[in-house]
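Peer 1: Here you go, one structure.
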Amino acid sequence: MDTNNRLRKKTVEQTDKTESRVHVYIGPSVRGVIINGSIHIGTRKEVLEKLKTAIELHPKIARLIVPDREVSAAKEQLKEGNNGLSKAYKALSDEREVK
């Protein structure tokens, strides 16, 4: 492994150990509760605590809060379907339409 690859690997490992302080909601908008694409500052635990009321009303919201550096991959998962994120999105969409 050359020096550049070792440095890249070390940087990736350090990034993985550092928890994101910016999270994005990638689920459907729920009127009066949460908006698609909304940005939330804090650790995941802090963000979920801030959104406690919304999550109590719609528990799938918690699954659809992702770190900013994972938004692109998460949106790809939504497009692919048949995975945890897409199932949470669909369940929340269906729930929202029933009410």
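By order in the structure tokens, chains are A, B, ...; within a chain, residues start at 1; ligands start at 1, following the order shown.
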Name all residues at most 6 Å from A:Thr43 (count only C-alpha atoms; drop same-chain ones fewer than 2 positions away) and give them as a compact mmCIF listing (two decimals) with N, CA, C and O atoms, in the first residue's frame.
Peer 2:
```
# COMPACT_ATOMS: atom_id res chain seq x y z
N ARG A 21 -22.46 16.02 13.26
CA ARG A 21 -23.20 17.00 14.05
C ARG A 21 -24.31 17.64 13.22
O ARG A 21 -24.98 18.55 13.68
N LYS A 45 -28.35 11.58 18.93
CA LYS A 45 -29.12 11.52 20.18
C LYS A 45 -29.78 12.86 20.48
O LYS A 45 -30.96 12.92 20.85
N GLU A 46 -29.04 13.95 20.30
CA GLU A 46 -29.58 15.29 20.55
C GLU A 46 -30.71 15.62 19.57
O GLU A 46 -31.75 16.18 19.96
```
Peer 1: Set the distance at 12 Å and use only C-alpha atoms: which residues neighbour stretch 59-69 of chain A once local chain neighbours fewer than 6 positions away are removed? I'd like the list as a PyMOL selection string.
Peer 2: chain A and resi 15-16+18-30+33-53+75+77-78+83-96
Peer 1: Write out as number ranges by chain all residues of stretch 21-51 of chain A that backbone DSSP assigns to strand (DSSP E or B).
Peer 2: A: 22-25, 30, 34, 39-41
Peer 1: Could you turn the residues from that selection into a file that holds all heavy atoms, as a PDB file, in the first residue's frame?
Peer 2:
```
ATOM      1  N   VAL A  22     -24.478  17.181  11.989  1.00  0.00           N
ATOM      2  CA  VAL A  22     -25.543  17.686  11.122  1.00  0.00           C
ATOM      3  C   VAL A  22     -26.317  16.475  10.606  1.00  0.00           C
ATOM      4  O   VAL A  22     -25.734  15.532  10.079  1.00  0.00           O
ATOM      5  CB  VAL A  22     -24.970  18.504   9.947  1.00  0.00           C
ATOM      6  CG1 VAL A  22     -26.092  18.986   9.035  1.00  0.00           C
ATOM      7  CG2 VAL A  22     -24.132  19.664  10.450  1.00  0.00           C
ATOM      8  N   HIS A  23     -27.634  16.524  10.763  1.00  0.00           N
ATOM      9  CA  HIS A  23     -28.498  15.437  10.311  1.00  0.00           C
ATOM     10  C   HIS A  23     -29.606  16.007   9.432  1.00  0.00           C
ATOM     11  O   HIS A  23     -30.014  17.155   9.608  1.00  0.00           O
ATOM     12  CB  HIS A  23     -29.090  14.698  11.511  1.00  0.00           C
ATOM     13  CG  HIS A  23     -28.063  13.944  12.296  1.00  0.00           C
ATOM     14  ND1 HIS A  23     -27.196  14.566  13.169  1.00  0.00           N
ATOM     15  CD2 HIS A  23     -27.741  12.643  12.310  1.00  0.00           C
ATOM     16  CE1 HIS A  23     -26.388  13.661  13.693  1.00  0.00           C
ATOM     17  NE2 HIS A  23     -26.702  12.481  13.185  1.00  0.00           N
ATOM     18  N   VAL A  24     -30.074  15.191   8.513  1.00  0.00           N
ATOM     19  CA  VAL A  24     -31.089  15.621   7.558  1.00  0.00           C
ATOM     20  C   VAL A  24     -32.255  14.637   7.599  1.00  0.00           C
ATOM     21  O   VAL A  24     -32.048  13.420   7.627  1.00  0.00           O
ATOM     22  CB  VAL A  24     -30.501  15.681   6.129  1.00  0.00           C
ATOM     23  CG1 VAL A  24     -31.548  16.154   5.129  1.00  0.00           C
ATOM     24  CG2 VAL A  24     -29.273  16.582   6.085  1.00  0.00           C
ATOM     25  N   TYR A  25     -33.469  15.174   7.573  1.00  0.00           N
ATOM     26  CA  TYR A  25     -34.663  14.335   7.502  1.00  0.00           C
ATOM     27  C   TYR A  25     -34.962  14.083   6.037  1.00  0.00           C
ATOM     28  O   TYR A  25     -35.174  15.025   5.265  1.00  0.00           O
ATOM     29  CB  TYR A  25     -35.848  15.037   8.185  1.00  0.00           C
ATOM     30  CG  TYR A  25     -37.152  14.309   7.979  1.00  0.00           C
ATOM     31  CD1 TYR A  25     -37.355  13.063   8.557  1.00  0.00           C
ATOM     32  CD2 TYR A  25     -38.155  14.843   7.193  1.00  0.00           C
ATOM     33  CE1 TYR A  25     -38.545  12.372   8.360  1.00  0.00           C
ATOM     34  CE2 TYR A  25     -39.343  14.176   6.997  1.00  0.00           C
ATOM     35  CZ  TYR A  25     -39.525  12.930   7.584  1.00  0.00           C
ATOM     36  OH  TYR A  25     -40.693  12.248   7.385  1.00  0.00           O
ATOM     37  N   VAL A  30     -44.601  16.032   6.696  1.00  0.00           N
ATOM     38  CA  VAL A  30     -45.827  15.778   7.451  1.00  0.00           C
ATOM     39  C   VAL A  30     -46.282  17.139   7.965  1.00  0.00           C
ATOM     40  O   VAL A  30     -45.601  17.755   8.787  1.00  0.00           O
ATOM     41  CB  VAL A  30     -45.580  14.794   8.624  1.00  0.00           C
ATOM     42  CG1 VAL A  30     -46.864  14.570   9.409  1.00  0.00           C
ATOM     43  CG2 VAL A  30     -45.010  13.479   8.120  1.00  0.00           C
ATOM     44  N   ILE A  34     -42.991  17.943  10.416  1.00  0.00           N
ATOM     45  CA  ILE A  34     -41.615  17.939   9.906  1.00  0.00           C
ATOM     46  C   ILE A  34     -41.632  18.095   8.387  1.00  0.00           C
ATOM     47  O   ILE A  34     -42.598  17.688   7.729  1.00  0.00           O
ATOM     48  CB  ILE A  34     -40.860  16.652  10.329  1.00  0.00           C
ATOM     49  CG1 ILE A  34     -39.354  16.820  10.168  1.00  0.00           C
ATOM     50  CG2 ILE A  34     -41.415  15.436   9.625  1.00  0.00           C
ATOM     51  CD1 ILE A  34     -38.537  15.789  10.912  1.00  0.00           C
ATOM     52  N   ILE A  39     -32.889  20.315   8.110  1.00  0.00           N
ATOM     53  CA  ILE A  39     -31.551  20.102   8.652  1.00  0.00           C
ATOM     54  C   ILE A  39     -31.598  20.315  10.160  1.00  0.00           C
ATOM     55  O   ILE A  39     -32.188  21.281  10.642  1.00  0.00           O
ATOM     56  CB  ILE A  39     -30.551  21.071   7.991  1.00  0.00           C
ATOM     57  CG1 ILE A  39     -30.478  20.774   6.498  1.00  0.00           C
ATOM     58  CG2 ILE A  39     -29.186  20.982   8.656  1.00  0.00           C
ATOM     59  CD1 ILE A  39     -29.712  21.794   5.698  1.00  0.00           C
ATOM     60  N   HIS A  40     -30.963  19.402  10.872  1.00  0.00           N
ATOM     61  CA  HIS A  40     -30.972  19.448  12.336  1.00  0.00           C
ATOM     62  C   HIS A  40     -29.538  19.366  12.831  1.00  0.00           C
ATOM     63  O   HIS A  40     -28.777  18.492  12.425  1.00  0.00           O
ATOM     64  CB  HIS A  40     -31.815  18.296  12.890  1.00  0.00           C
ATOM     65  CG  HIS A  40     -33.201  18.309  12.328  1.00  0.00           C
ATOM     66  ND1 HIS A  40     -34.206  19.064  12.873  1.00  0.00           N
ATOM     67  CD2 HIS A  40     -33.721  17.708  11.238  1.00  0.00           C
ATOM     68  CE1 HIS A  40     -35.297  18.904  12.151  1.00  0.00           C
ATOM     69  NE2 HIS A  40     -35.031  18.087  11.150  1.00  0.00           N
ATOM     70  N   ILE A  41     -29.178  20.265  13.720  1.00  0.00           N
ATOM     71  CA  ILE A  41     -27.812  20.345  14.246  1.00  0.00           C
ATOM     72  C   ILE A  41     -27.730  19.623  15.590  1.00  0.00           C
ATOM     73  O   ILE A  41     -28.582  19.819  16.450  1.00  0.00           O
ATOM     74  CB  ILE A  41     -27.374  21.818  14.428  1.00  0.00           C
ATOM     75  CG1 ILE A  41     -27.569  22.617  13.127  1.00  0.00           C
ATOM     76  CG2 ILE A  41     -25.935  21.900  14.930  1.00  0.00           C
ATOM     77  CD1 ILE A  41     -26.773  22.129  11.951  1.00  0.00           C
TER      78      ILE A  41
END
```
